[in-house]
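Just query_36.csv here, CSV, C-alpha atoms and all ligand atoms:
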chain,number,residue,atom,x,y,z
A,1,MET,CA,21.8,-29.2,-83.7
A,2,SER,CA,24.4,-31.8,-83.2
A,3,ILE,CA,27.9,-31.7,-84.8
A,4,ARG,CA,29.3,-35.1,-85.2
A,5,ILE,CA,32.2,-36.9,-86.9
A,6,ALA,CA,30.5,-38.6,-89.9
A,7,GLY,CA,33.6,-39.9,-91.6
A,8,THR,CA,37.3,-40.4,-91.4
A,9,GLY,CA,39.9,-41.2,-94.1
A,10,SER,CA,43.6,-41.6,-94.5
A,11,TYR,CA,46.2,-42.2,-97.1
A,12,VAL,CA,49.9,-42.9,-97.2
A,13,PRO,CA,52.0,-43.2,-100.4
A,14,ASP,CA,53.1,-46.7,-101.4
A,15,ARG,CA,56.9,-46.2,-101.1
A,16,ILE,CA,58.3,-47.3,-97.8
A,17,LEU,CA,61.6,-46.0,-96.5
A,18,THR,CA,62.9,-48.3,-93.7
A,19,ASN,CA,65.5,-47.6,-91.1
A,20,ALA,CA,67.8,-50.0,-93.0
A,21,ASP,CA,67.4,-47.8,-96.1
A,22,LEU,CA,68.4,-44.7,-94.0
A,23,GLU,CA,71.5,-46.6,-92.7
A,24,LYS,CA,72.7,-46.4,-96.3
A,25,MET,CA,72.1,-42.7,-96.6
A,26,VAL,CA,73.4,-41.2,-93.3
A,27,GLU,CA,75.5,-42.4,-90.4
A,28,THR,CA,72.7,-43.9,-88.3
A,29,SER,CA,71.4,-47.2,-87.2
A,30,ASP,CA,68.1,-49.0,-87.0
A,31,GLU,CA,68.7,-49.5,-83.3
A,32,TRP,CA,69.3,-45.8,-82.6
A,33,ILE,CA,66.2,-44.7,-84.5
A,34,ARG,CA,64.0,-47.4,-82.9
A,35,THR,CA,65.1,-46.7,-79.3
A,36,ARG,CA,65.3,-42.9,-79.6
A,37,THR,CA,62.1,-42.4,-81.6
A,38,GLY,CA,60.0,-45.6,-82.0
A,39,ILE,CA,60.1,-45.2,-85.7
A,40,GLU,CA,60.7,-48.3,-87.9
A,41,GLU,CA,59.6,-47.0,-91.3
A,42,ARG,CA,57.9,-44.1,-93.0
A,43,HIS,CA,56.1,-43.6,-96.3
A,44,ILE,CA,57.5,-41.3,-99.0
A,45,ALA,CA,55.4,-39.6,-101.8
A,46,ALA,CA,56.5,-39.8,-105.4
A,47,PRO,CA,58.4,-36.8,-106.7
A,48,ASP,CA,55.4,-35.8,-108.8
A,49,GLN,CA,52.8,-36.5,-106.1
A,50,PRO,CA,51.9,-33.2,-104.3
A,51,THR,CA,50.3,-32.8,-100.8
A,52,SER,CA,46.9,-32.1,-102.5
A,53,ASP,CA,47.0,-35.6,-103.9
A,54,LEU,CA,47.6,-37.2,-100.5
A,55,ALA,CA,44.7,-35.0,-99.1
A,56,TYR,CA,42.4,-35.9,-102.0
A,57,ARG,CA,42.8,-39.7,-101.4
A,58,ALA,CA,42.3,-39.4,-97.7
A,59,SER,CA,39.2,-37.1,-98.3
A,60,LEU,CA,37.6,-39.6,-100.7
A,61,LYS,CA,37.6,-42.2,-97.9
A,62,ALA,CA,36.1,-39.8,-95.4
A,63,LEU,CA,33.4,-38.8,-97.8
A,64,GLU,CA,32.6,-42.4,-98.6
A,65,MET,CA,32.3,-43.3,-94.9
A,66,ALA,CA,30.0,-40.3,-94.4
A,67,GLY,CA,28.0,-41.2,-97.5
A,68,ILE,CA,28.2,-37.8,-99.1
A,69,THR,CA,29.6,-36.4,-102.3
A,70,GLY,CA,32.0,-33.5,-102.9
A,71,GLU,CA,29.2,-31.3,-103.9
A,72,GLN,CA,27.7,-31.5,-100.4
A,73,ILE,CA,30.8,-30.0,-98.7
A,74,ASP,CA,30.3,-26.5,-97.4
A,75,ALA,CA,33.9,-25.7,-96.3
A,76,ILE,CA,37.4,-27.3,-96.6
A,77,VAL,CA,40.2,-26.7,-94.2
A,78,VAL,CA,43.6,-28.1,-95.1
A,79,ALA,CA,46.2,-28.1,-92.3
A,80,THR,CA,49.6,-28.3,-93.8
A,81,ILE,CA,53.1,-26.8,-93.8
A,82,THR,CA,53.9,-28.3,-97.2
A,83,PRO,CA,51.2,-26.8,-99.5
A,84,ASP,CA,51.4,-27.5,-103.2
A,85,TYR,CA,52.1,-23.8,-103.8
A,86,VAL,CA,52.3,-20.6,-101.7
A,87,PHE,CA,49.1,-19.8,-103.5
A,88,PRO,CA,46.6,-21.0,-104.6
A,89,SER,CA,46.0,-22.8,-101.3
A,90,THR,CA,45.9,-26.6,-101.2
A,91,GLY,CA,42.3,-26.2,-100.1
A,92,CYS,CA,41.6,-24.6,-103.5
A,93,VAL,CA,43.4,-27.3,-105.4
A,94,LEU,CA,41.5,-29.9,-103.4
A,95,GLN,CA,38.1,-28.2,-103.9
A,96,ASP,CA,38.5,-28.6,-107.6
A,97,ARG,CA,39.5,-32.3,-107.5
A,98,LEU,CA,36.6,-33.1,-105.1
A,99,GLY,CA,34.1,-31.2,-107.2
A,100,ALA,CA,33.2,-29.3,-104.0
A,101,LYS,CA,31.9,-26.3,-106.0
A,102,GLY,CA,30.0,-24.6,-103.2
A,103,ALA,CA,32.7,-25.0,-100.6
A,104,PHE,CA,34.8,-22.1,-99.2
A,105,CYS,CA,38.3,-23.4,-98.8
A,106,PHE,CA,41.6,-22.4,-97.2
A,107,ASP,CA,44.8,-23.7,-95.6
A,108,LEU,CA,45.7,-23.4,-92.0
A,109,GLU,CA,49.3,-23.5,-90.9
A,110,ALA,CA,50.0,-24.5,-87.3
A,111,ALA,CA,52.6,-27.2,-88.0
A,112,CYS,CA,52.0,-30.4,-86.0
A,113,SER,CA,49.1,-28.9,-84.2
A,114,GLY,CA,47.4,-28.1,-87.5
A,115,LEU,CA,44.6,-30.7,-87.3
A,116,LEU,CA,43.6,-29.6,-83.8
A,117,TYR,CA,43.6,-26.0,-84.8
A,118,SER,CA,41.6,-26.8,-87.9
A,119,LEU,CA,39.0,-28.9,-86.0
A,120,GLU,CA,38.5,-25.9,-83.6
A,121,VAL,CA,38.0,-23.5,-86.5
A,122,ALA,CA,35.7,-25.9,-88.4
A,123,TYR,CA,33.6,-26.6,-85.3
A,124,SER,CA,33.4,-22.9,-84.5
A,125,LEU,CA,32.2,-22.1,-88.1
A,126,MET,CA,29.5,-24.8,-87.8
A,127,LYS,CA,28.3,-23.5,-84.4
A,128,THR,CA,28.2,-19.9,-85.6
A,129,HIS,CA,26.5,-20.5,-88.9
A,130,PRO,CA,24.6,-23.8,-88.6
A,131,GLN,CA,22.5,-23.2,-91.7
A,132,ARG,CA,25.5,-22.4,-93.9
A,133,TYR,CA,28.0,-25.1,-92.8
A,134,LYS,CA,26.4,-28.6,-92.6
A,135,HIS,CA,29.4,-30.5,-93.9
A,136,VAL,CA,33.0,-29.3,-93.2
A,137,LEU,CA,36.0,-31.3,-94.3
A,138,VAL,CA,39.1,-31.0,-92.2
A,139,ILE,CA,42.3,-32.6,-93.5
A,140,GLY,CA,45.9,-32.7,-92.2
A,141,ALA,CA,48.2,-33.5,-95.2
A,142,GLU,CA,52.0,-33.3,-95.5
A,143,LYS,CA,54.7,-34.1,-98.0
A,144,LEU,CA,57.4,-33.5,-95.4
A,145,SER,CA,59.9,-35.5,-97.6
A,146,CYS,CA,60.2,-32.3,-99.7
A,147,ILE,CA,61.4,-30.2,-96.8
A,148,THR,CA,63.6,-32.9,-95.1
A,149,ASP,CA,67.3,-32.6,-95.4
A,150,TRP,CA,68.2,-36.1,-96.4
A,151,THR,CA,71.9,-35.5,-95.5
A,152,ASN,CA,71.2,-34.5,-91.9
A,153,ARG,CA,70.8,-37.5,-89.6
A,154,ASN,CA,69.4,-35.3,-86.7
A,155,THR,CA,66.2,-34.8,-88.7
A,156,CYS,CA,65.9,-37.0,-91.7
A,157,VAL,CA,65.1,-40.1,-89.7
A,158,LEU,CA,62.1,-38.5,-88.1
A,159,PHE,CA,59.6,-37.5,-90.9
A,160,GLY,CA,57.2,-39.1,-93.3
A,161,ASP,CA,54.4,-38.3,-95.7
A,162,GLY,CA,50.6,-38.9,-95.4
A,163,ALA,CA,47.2,-37.4,-94.9
A,164,GLY,CA,44.3,-37.9,-92.5
A,165,ALA,CA,40.7,-36.5,-93.0
A,166,VAL,CA,37.8,-35.9,-90.7
A,167,LEU,CA,34.3,-35.0,-92.0
A,168,LEU,CA,32.2,-33.0,-89.6
A,169,GLU,CA,28.5,-33.0,-90.1
A,170,ASN,CA,25.6,-31.0,-88.5
A,171,ASP,CA,23.0,-33.7,-88.6
A,172,GLY,CA,20.2,-31.5,-87.2
A,173,SER,CA,19.5,-33.8,-84.2
A,174,ASP,CA,19.6,-32.9,-80.5
A,175,GLY,CA,22.5,-35.1,-79.6
A,176,PRO,CA,25.8,-34.0,-78.1
A,177,ASP,CA,28.5,-32.3,-80.1
A,178,CYS,CA,31.7,-34.2,-81.0
A,179,VAL,CA,33.9,-31.4,-79.7
A,180,VAL,CA,33.4,-31.5,-75.9
A,181,ALA,CA,36.3,-29.3,-74.8
A,182,SER,CA,39.6,-27.8,-76.2
A,183,ASP,CA,42.6,-25.9,-75.0
A,184,LEU,CA,44.9,-24.5,-77.7
A,185,HIS,CA,48.0,-22.4,-77.3
A,186,THR,CA,50.7,-20.5,-79.2
A,187,ASP,CA,54.1,-19.2,-78.1
A,188,GLY,CA,55.9,-17.4,-80.9
A,189,GLY,CA,58.8,-16.6,-78.6
A,190,TYR,CA,60.0,-20.2,-79.3
A,191,GLY,CA,59.8,-19.9,-83.1
A,192,GLU,CA,63.5,-20.4,-83.6
A,193,ILE,CA,63.8,-23.9,-82.2
A,194,LEU,CA,61.6,-25.5,-84.9
A,195,LYS,CA,61.4,-23.8,-88.3
A,196,MET,CA,62.2,-23.8,-92.0
A,197,PRO,CA,64.5,-20.7,-92.2
A,198,ALA,CA,64.0,-19.8,-95.9
A,199,GLY,CA,61.4,-19.7,-98.7
A,200,GLY,CA,59.2,-17.1,-97.1
A,201,SER,CA,59.3,-13.3,-97.5
A,202,LEU,CA,62.1,-12.9,-95.0
A,203,ALA,CA,64.5,-15.1,-97.0
A,204,PRO,CA,63.2,-15.8,-100.4
A,205,ALA,CA,64.7,-18.7,-102.3
A,206,SER,CA,68.2,-17.9,-103.6
A,207,LYS,CA,71.3,-19.8,-104.5
A,208,GLU,CA,72.7,-19.0,-101.0
A,209,THR,CA,69.6,-20.3,-99.2
A,210,VAL,CA,69.6,-23.5,-101.2
A,211,GLU,CA,73.4,-24.0,-100.6
A,212,ALA,CA,72.9,-23.4,-96.8
A,213,HIS,CA,70.1,-26.0,-96.7
A,214,GLU,CA,67.7,-23.4,-95.4
A,215,HIS,CA,64.7,-24.9,-97.2
A,216,PHE,CA,64.6,-27.8,-94.8
A,217,ILE,CA,63.2,-28.4,-91.3
A,218,HIS,CA,65.6,-27.2,-88.6
A,219,MET,CA,64.9,-28.4,-85.1
A,220,GLU,CA,66.6,-28.3,-81.7
A,221,GLY,CA,65.3,-31.7,-80.7
A,222,LYS,CA,66.2,-31.8,-77.0
A,223,GLU,CA,64.6,-28.4,-76.3
A,224,VAL,CA,61.5,-29.3,-78.3
A,225,PHE,CA,61.2,-32.6,-76.4
A,226,LYS,CA,61.2,-31.0,-73.0
A,227,LEU,CA,58.7,-28.3,-73.9
A,228,ALA,CA,56.4,-30.8,-75.7
A,229,VAL,CA,55.8,-33.1,-72.7
A,230,ASN,CA,54.9,-30.4,-70.3
A,231,ALA,CA,52.7,-28.5,-72.8
A,232,MET,CA,50.7,-31.5,-73.8
A,233,VAL,CA,50.2,-32.7,-70.2
A,234,ASN,CA,49.0,-29.3,-69.1
A,235,ALA,CA,46.6,-28.9,-72.1
A,236,GLY,CA,45.3,-32.4,-71.6
A,237,LYS,CA,44.6,-31.9,-68.0
A,238,THR,CA,42.8,-28.6,-68.7
A,239,VAL,CA,40.6,-30.3,-71.3
A,240,LEU,CA,39.6,-33.1,-69.0
A,241,GLU,CA,38.8,-30.7,-66.3
A,242,GLU,CA,36.7,-28.5,-68.6
A,243,ALA,CA,34.9,-31.6,-69.9
A,244,GLY,CA,34.3,-32.8,-66.4
A,245,ILE,CA,35.6,-36.3,-67.0
A,246,THR,CA,38.3,-38.3,-65.2
A,247,PRO,CA,41.3,-40.0,-66.9
A,248,GLU,CA,39.5,-43.3,-66.3
A,249,GLU,CA,36.7,-42.2,-68.5
A,250,VAL,CA,39.1,-41.5,-71.4
A,251,ASN,CA,38.7,-44.5,-73.9
A,252,LEU,CA,41.7,-43.5,-76.0
A,253,VAL,CA,44.4,-40.9,-76.2
A,254,VAL,CA,45.4,-40.0,-79.7
A,255,PRO,CA,48.6,-37.9,-79.5
A,256,HIS,CA,50.6,-36.3,-82.3
A,257,GLN,CA,53.2,-38.9,-83.3
A,258,ALA,CA,56.5,-37.1,-83.0
A,259,ASN,CA,58.4,-39.5,-80.8
A,260,SER,CA,57.2,-42.6,-78.9
A,261,ARG,CA,59.2,-41.5,-75.8
A,262,ILE,CA,57.3,-38.2,-75.8
A,263,ILE,CA,54.0,-40.1,-76.1
A,264,TYR,CA,54.9,-42.5,-73.3
A,265,ALA,CA,56.0,-39.6,-71.1
A,266,VAL,CA,52.7,-37.8,-71.6
A,267,ALA,CA,50.2,-40.6,-71.0
A,268,PRO,CA,51.1,-41.6,-67.4
A,269,ARG,CA,51.2,-37.9,-66.4
A,270,LEU,CA,47.7,-37.6,-67.7
A,271,GLY,CA,46.7,-40.7,-65.6
A,272,VAL,CA,45.9,-42.8,-68.7
A,273,PRO,CA,47.5,-46.3,-69.0
A,274,ASP,CA,49.7,-47.0,-72.1
A,275,GLU,CA,47.1,-49.5,-73.5
A,276,ARG,CA,44.7,-46.7,-73.9
A,277,VAL,CA,47.1,-44.6,-76.0
A,278,PHE,CA,47.1,-44.9,-79.8
A,279,ILE,CA,50.5,-45.2,-81.4
A,280,ASN,CA,51.4,-45.8,-85.1
A,281,ILE,CA,54.6,-43.8,-85.3
A,282,ASN,CA,56.5,-47.0,-86.0
A,283,HIS,CA,55.0,-47.2,-89.5
A,284,TYR,CA,54.7,-43.6,-90.5
A,285,GLY,CA,57.2,-41.5,-88.5
A,286,ASN,CA,56.3,-37.9,-87.8
A,287,THR,CA,53.8,-36.7,-90.4
A,288,SER,CA,53.1,-33.3,-88.8
A,289,ALA,CA,49.6,-32.1,-89.4
A,290,ALA,CA,48.6,-35.5,-90.9
A,291,SER,CA,49.5,-37.6,-87.9
A,292,ILE,CA,46.4,-37.3,-85.7
A,293,GLY,CA,44.1,-37.8,-88.7
A,294,LEU,CA,46.0,-40.9,-89.7
A,295,CYS,CA,45.6,-42.2,-86.1
A,296,LEU,CA,41.9,-41.4,-85.9
A,297,ASP,CA,41.1,-43.1,-89.1
A,298,GLU,CA,43.1,-46.2,-88.2
A,299,ALA,CA,41.5,-46.3,-84.8
A,300,VAL,CA,38.0,-45.9,-86.1
A,301,ARG,CA,38.4,-48.5,-88.9
A,302,SER,CA,40.0,-51.1,-86.6
A,303,GLY,CA,37.3,-50.7,-84.0
A,304,ARG,CA,39.5,-49.1,-81.3
A,305,ILE,CA,37.2,-46.1,-81.4
A,306,LYS,CA,33.5,-46.9,-81.0
A,307,LYS,CA,30.4,-44.8,-80.9
A,308,GLY,CA,30.2,-42.9,-77.6
A,309,ASP,CA,33.9,-43.1,-76.8
A,310,ASN,CA,35.8,-40.2,-75.2
A,311,VAL,CA,38.9,-39.6,-77.3
A,312,LEU,CA,41.6,-37.1,-76.1
A,313,LEU,CA,43.8,-35.5,-78.8
A,314,THR,CA,47.1,-33.9,-77.9
A,315,ALA,CA,49.4,-32.0,-80.2
A,316,PHE,CA,52.6,-30.0,-80.2
A,317,GLY,CA,54.6,-28.4,-83.0
A,318,GLY,CA,56.5,-25.5,-84.6
A,319,GLY,CA,55.4,-22.0,-83.8
A,320,LEU,CA,55.3,-23.1,-81.1
A,321,THR,CA,51.8,-24.4,-81.2
A,322,TRP,CA,50.2,-27.0,-78.9
A,323,GLY,CA,46.9,-28.1,-77.4
A,324,ALA,CA,44.4,-30.8,-76.5
A,325,MET,CA,40.9,-31.5,-77.5
A,326,LEU,CA,38.3,-34.0,-76.2
A,327,LEU,CA,36.1,-35.6,-78.8
A,328,LYS,CA,33.0,-37.6,-78.2
A,329,PHE,CA,32.4,-40.1,-81.0
A,401,LIG,C1,65.1,-35.5,-82.3
A,401,LIG,C2,65.2,-36.5,-81.1
A,401,LIG,C3,64.7,-37.9,-81.5
A,401,LIG,C4,66.7,-36.7,-80.7
A,401,LIG,O1,66.8,-37.5,-79.6
A,401,LIG,P1,67.8,-37.1,-78.4
A,401,LIG,O2,67.7,-38.2,-77.4
A,401,LIG,O3,67.3,-35.7,-77.9
A,401,LIG,O4,69.2,-37.1,-79.1
A,401,LIG,P2,70.2,-35.9,-79.2
A,401,LIG,O5,69.7,-34.9,-80.2
A,401,LIG,O6,70.6,-35.4,-77.8
A,401,LIG,O7,71.4,-36.7,-79.8
A,401,LIG,C5,72.1,-37.7,-79.0
A,401,LIG,C6,73.3,-38.2,-79.8
A,401,LIG,O8,72.7,-39.0,-80.9
A,401,LIG,C7,73.3,-38.5,-82.1
A,401,LIG,N1,72.3,-38.6,-83.2
A,401,LIG,C8,71.3,-37.7,-83.6
A,401,LIG,N2,70.6,-38.3,-84.6
A,401,LIG,C9,71.1,-39.5,-84.8
A,401,LIG,C10,70.8,-40.5,-85.7
A,401,LIG,N3,69.8,-40.4,-86.6
A,401,LIG,N4,71.5,-41.7,-85.7
A,401,LIG,C11,72.5,-41.8,-84.8
A,401,LIG,N5,72.9,-40.9,-83.9
A,401,LIG,C12,72.2,-39.7,-83.9
A,401,LIG,C13,73.6,-37.0,-81.9
A,401,LIG,O9,74.5,-36.5,-82.8
A,401,LIG,C14,74.1,-37.1,-80.4
A,401,LIG,O10,75.4,-37.5,-80.5
A,401,LIG,P3,76.5,-36.8,-79.5
A,401,LIG,O11,76.0,-37.1,-78.1
A,401,LIG,O12,77.8,-37.5,-79.9
A,401,LIG,O13,76.5,-35.4,-79.8
A,401,LIG,C15,64.4,-36.0,-79.9
A,401,LIG,O14,65.1,-34.9,-79.3
A,401,LIG,C16,63.0,-35.6,-80.3
A,401,LIG,O15,62.2,-36.4,-80.6
A,401,LIG,N6,62.7,-34.3,-80.1
A,401,LIG,C17,61.4,-33.8,-80.3
A,401,LIG,C18,60.8,-33.9,-81.6
A,401,LIG,C19,59.4,-33.3,-81.6
A,401,LIG,O16,58.6,-33.5,-80.7
A,401,LIG,N7,59.0,-32.5,-82.6
A,401,LIG,C20,57.8,-31.8,-82.4
A,401,LIG,C21,57.0,-31.6,-83.4
A,401,LIG,S1,57.7,-31.8,-85.0

Could you quickly redo this structure as structure tokens?
Ligand SMILES: CC(C)(COP(=O)(O)OP(=O)(O)OC[C@H]1O[C@@H](n2cnc3c(N)ncnc32)[C@H](O)[C@@H]1OP(=O)(O)O)[C@@H](O)C(=O)NCCC(=O)NCCS
Amino acid sequence: MSIRIAGTGSYVPDRILTNADLEKMVETSDEWIRTRTGIEERHIAAPDQPTSDLAYRASLKALEMAGITGEQIDAIVVATITPDYVFPSTGCVLQDRLGAKGAFCFDLEAACSGLLYSLEVAYSLMKTHPQRYKHVLVIGAEKLSCITDWTNRNTCVLFGDGAGAVLLENDGSDGPDCVVASDLHTDGGYGEILKMPAGGSLAPASKETVEAHEHFIHMEGKEVFKLAVNAMVNAGKTVLEEAGITPEEVNLVVPHQANSRIIYAVAPRLGVPDERVFININHYGNTSAASIGLCLDEAVRSGRIKKGDNVLLTAFGGGLTWGAMLLKF
């Protein structure tokens, strides 16, 4: 049995919000945003376009690449912090649109580490029940624009909307698995530094929570920044060690796209030169659970990832959650 990546897909909405547009909304500048974050523009979903629609469009492309139909999917995992509803899950909505009648479907919430967590869960399901799960669709999808405070310059310049999908397939052959090693972590003790304060059972939506802007992303950026670099470096090193490969053997690092300064701080500490690090934050901003999937699809379709490549994923996000994973394509 060999579990491999049979397809990838991604989707971003048409509407582009540039740094120049943001200059008209809050007191900021294109120069500040570019130099502090690496972001030039981000895509924003239409008001009536939910996360499931972004996920659906990315999924169709992954299915097309894999050459399978929705009916052949055995499970769907949607990583998101911006589900269409509290319930039903976005996975359920997506199942219906894809016609994946036999699939069991759920959402996984691990903020920006969501795709990594979901790949780990999907891969484990397929290893445990190889007969039951032949095709598992993993999607990171976010409409962060709906939880972004467009009056707060500390956060509104950072985020964007999009989706990235990965189709895992058990092809029955004896080849190697695509997941070579992984190292995932959680530290709930740091929950306060990156969160959406209201809208859950602790502080349900009320006039007061809306007026206090508590249905938006709150982040202590500097603190998150410091923790993110160390955490991703340590997880990345652990994974390389576990996989028994050197940094020179890594063909591409695909990091979560939160800030280009974080990315360029992590890569040299892992011993990987900048030219082997994938970066597209300039076009999309931080799309949380979607970002790694967006990168993977772009890298596969542009030929930067080829068959046999060692690809190191690293992620960090609210929770706190973080980790790294080595994929063999
Ligand atoms: C958010 C982030 C870009 C801010 O960069 P920073 O260098 O830490 O900047 P600071 O927050 O210290 O702010 C520096 C100054 O710029 C100002 N500033 C903040 N946002 C600004 C903006 N959009 N435009 C102009 N000035 C801004 C601040 O008010 C501050 O001004 P002051 O010194 O007068 O108080 C950065 O901390 C970051 O990327 N953090 C991690 C994000 C992340 O990894 N998230 C993880 C998963 S989502």

Taking (30.8, -38.0, -98.4) in the file's coordinates, which residues come within 12 Å, counting only C-alpha atoms, written as a PyMOL selection string?
chain A and resi 5-9+58-74+98-100+134-137+165-169

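Using all atoms listed in the file, the shortest contact distance between ligand LIG 401 (chain A) and any of A:Pro47, A:Pro197, A:Pro273, A:Gly319 is found at A:Gly319.
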
Could you pull out the residues sitting within 9 Å of ligand LIG 401 (chain A), using all atoms listed in the file, and write them as a ChimeraX atom specification?
/A:22-23,26-33,36-37,111-113,152-159,194,219-229,256-262,286-288,315-318,320

Could you write those residues out with C-alpha atoms, as a PDB file, keeping the file's coordinate frame?
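Saved as out-v8.pdb:
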ATOM      1  CA  LEU A  22      68.400 -44.700 -94.000  1.00  0.00           C
ATOM      2  CA  GLU A  23      71.500 -46.600 -92.700  1.00  0.00           C
ATOM      3  CA  VAL A  26      73.400 -41.200 -93.300  1.00  0.00           C
ATOM      4  CA  GLU A  27      75.500 -42.400 -90.400  1.00  0.00           C
ATOM      5  CA  THR A  28      72.700 -43.900 -88.300  1.00  0.00           C
ATOM      6  CA  SER A  29      71.400 -47.200 -87.200  1.00  0.00           C
ATOM      7  CA  ASP A  30      68.100 -49.000 -87.000  1.00  0.00           C
ATOM      8  CA  GLU A  31      68.700 -49.500 -83.300  1.00  0.00           C
ATOM      9  CA  TRP A  32      69.300 -45.800 -82.600  1.00  0.00           C
ATOM     10  CA  ILE A  33      66.200 -44.700 -84.500  1.00  0.00           C
ATOM     11  CA  ARG A  36      65.300 -42.900 -79.600  1.00  0.00           C
ATOM     12  CA  THR A  37      62.100 -42.400 -81.600  1.00  0.00           C
ATOM     13  CA  ALA A 111      52.600 -27.200 -88.000  1.00  0.00           C
ATOM     14  CA  CYS A 112      52.000 -30.400 -86.000  1.00  0.00           C
ATOM     15  CA  SER A 113      49.100 -28.900 -84.200  1.00  0.00           C
ATOM     16  CA  ASN A 152      71.200 -34.500 -91.900  1.00  0.00           C
ATOM     17  CA  ARG A 153      70.800 -37.500 -89.600  1.00  0.00           C
ATOM     18  CA  ASN A 154      69.400 -35.300 -86.700  1.00  0.00           C
ATOM     19  CA  THR A 155      66.200 -34.800 -88.700  1.00  0.00           C
ATOM     20  CA  CYS A 156      65.900 -37.000 -91.700  1.00  0.00           C
ATOM     21  CA  VAL A 157      65.100 -40.100 -89.700  1.00  0.00           C
ATOM     22  CA  LEU A 158      62.100 -38.500 -88.100  1.00  0.00           C
ATOM     23  CA  PHE A 159      59.600 -37.500 -90.900  1.00  0.00           C
ATOM     24  CA  LEU A 194      61.600 -25.500 -84.900  1.00  0.00           C
ATOM     25  CA  MET A 219      64.900 -28.400 -85.100  1.00  0.00           C
ATOM     26  CA  GLU A 220      66.600 -28.300 -81.700  1.00  0.00           C
ATOM     27  CA  GLY A 221      65.300 -31.700 -80.700  1.00  0.00           C
ATOM     28  CA  LYS A 222      66.200 -31.800 -77.000  1.00  0.00           C
ATOM     29  CA  GLU A 223      64.600 -28.400 -76.300  1.00  0.00           C
ATOM     30  CA  VAL A 224      61.500 -29.300 -78.300  1.00  0.00           C
ATOM     31  CA  PHE A 225      61.200 -32.600 -76.400  1.00  0.00           C
ATOM     32  CA  LYS A 226      61.200 -31.000 -73.000  1.00  0.00           C
ATOM     33  CA  LEU A 227      58.700 -28.300 -73.900  1.00  0.00           C
ATOM     34  CA  ALA A 228      56.400 -30.800 -75.700  1.00  0.00           C
ATOM     35  CA  VAL A 229      55.800 -33.100 -72.700  1.00  0.00           C
ATOM     36  CA  HIS A 256      50.600 -36.300 -82.300  1.00  0.00           C
ATOM     37  CA  GLN A 257      53.200 -38.900 -83.300  1.00  0.00           C
ATOM     38  CA  ALA A 258      56.500 -37.100 -83.000  1.00  0.00           C
ATOM     39  CA  ASN A 259      58.400 -39.500 -80.800  1.00  0.00           C
ATOM     40  CA  SER A 260      57.200 -42.600 -78.900  1.00  0.00           C
ATOM     41  CA  ARG A 261      59.200 -41.500 -75.800  1.00  0.00           C
ATOM     42  CA  ILE A 262      57.300 -38.200 -75.800  1.00  0.00           C
ATOM     43  CA  ASN A 286      56.300 -37.900 -87.800  1.00  0.00           C
ATOM     44  CA  THR A 287      53.800 -36.700 -90.400  1.00  0.00           C
ATOM     45  CA  SER A 288      53.100 -33.300 -88.800  1.00  0.00           C
ATOM     46  CA  ALA A 315      49.400 -32.000 -80.200  1.00  0.00           C
ATOM     47  CA  PHE A 316      52.600 -30.000 -80.200  1.00  0.00           C
ATOM     48  CA  GLY A 317      54.600 -28.400 -83.000  1.00  0.00           C
ATOM     49  CA  GLY A 318      56.500 -25.500 -84.600  1.00  0.00           C
ATOM     50  CA  LEU A 320      55.300 -23.100 -81.100  1.00  0.00           C
TER      51      LEU A 320
END

Which is closer to Cys146 of chain A than all the others in A:Thr128, A:Gln49, A:Asn234, A:Thr90, using all atoms listed in the file?
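Nearest candidate to Cys146 of chain A out of A:Thr128, A:Gln49, A:Asn234, A:Thr90: A:Gln49.
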
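The smallest atom-to-atom distance between Asn280 of chain A and any of A:Ile263, A:Leu108, A:Val180, A:Ala198, using all atoms listed in the file, is found for A:Ile263.
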
Kindly give the distance, in Å, that separates atom CA of Arg269 of chain A and atom CA of Asp183 of chain A, rounded to a single decimal.
17.1 Å

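Separating atom CA of Ser206 of chain A from atom CA of Cys92 of chain A is a distance of 27.4 Å.
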
re atom CA of Met232 of chain A and atom CA of Gly91 of chain A: distance 28.1 Å

List as JSON, numbers by chain the protein and nucleic acid residues near Pro130 of chain A, meaning an atom at most 9 Å away when only C-alpha atoms are counted, but skip any in the same chain fewer than 3 places from it.
{"A": [1, 125, 126, 127, 133, 134, 170, 172]}

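Among A:Phe278, A:Val239, A:His283, A:Pro255, the residue with the shortest atom-to-atom distance to Leu326 of chain A, counting all atoms listed in the file, is A:Val239.
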
Incomplete segment 145-150 of chain A brought to N, CA and C atoms, written out as a compact mmCIF listing (two decimals), in the frame of the given file:
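Here's the written file out34.txt:
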# COMPACT_ATOMS: atom_id res chain seq x y z
N SER A 145 58.67 -35.00 -96.90
CA SER A 145 59.90 -35.50 -97.60
C SER A 145 60.51 -34.35 -98.42
N CYS A 146 59.69 -33.37 -98.84
CA CYS A 146 60.20 -32.30 -99.70
C CYS A 146 60.86 -31.17 -98.91
N ILE A 147 60.70 -31.17 -97.58
CA ILE A 147 61.40 -30.20 -96.80
C ILE A 147 62.30 -30.85 -95.72
N THR A 148 62.67 -32.10 -96.02
CA THR A 148 63.60 -32.90 -95.10
C THR A 148 64.96 -32.88 -95.75
N ASP A 149 65.94 -32.57 -94.92
CA ASP A 149 67.30 -32.60 -95.40
C ASP A 149 67.85 -34.02 -95.27
N TRP A 150 67.90 -34.68 -96.40
CA TRP A 150 68.20 -36.10 -96.40
C TRP A 150 69.73 -36.36 -96.16
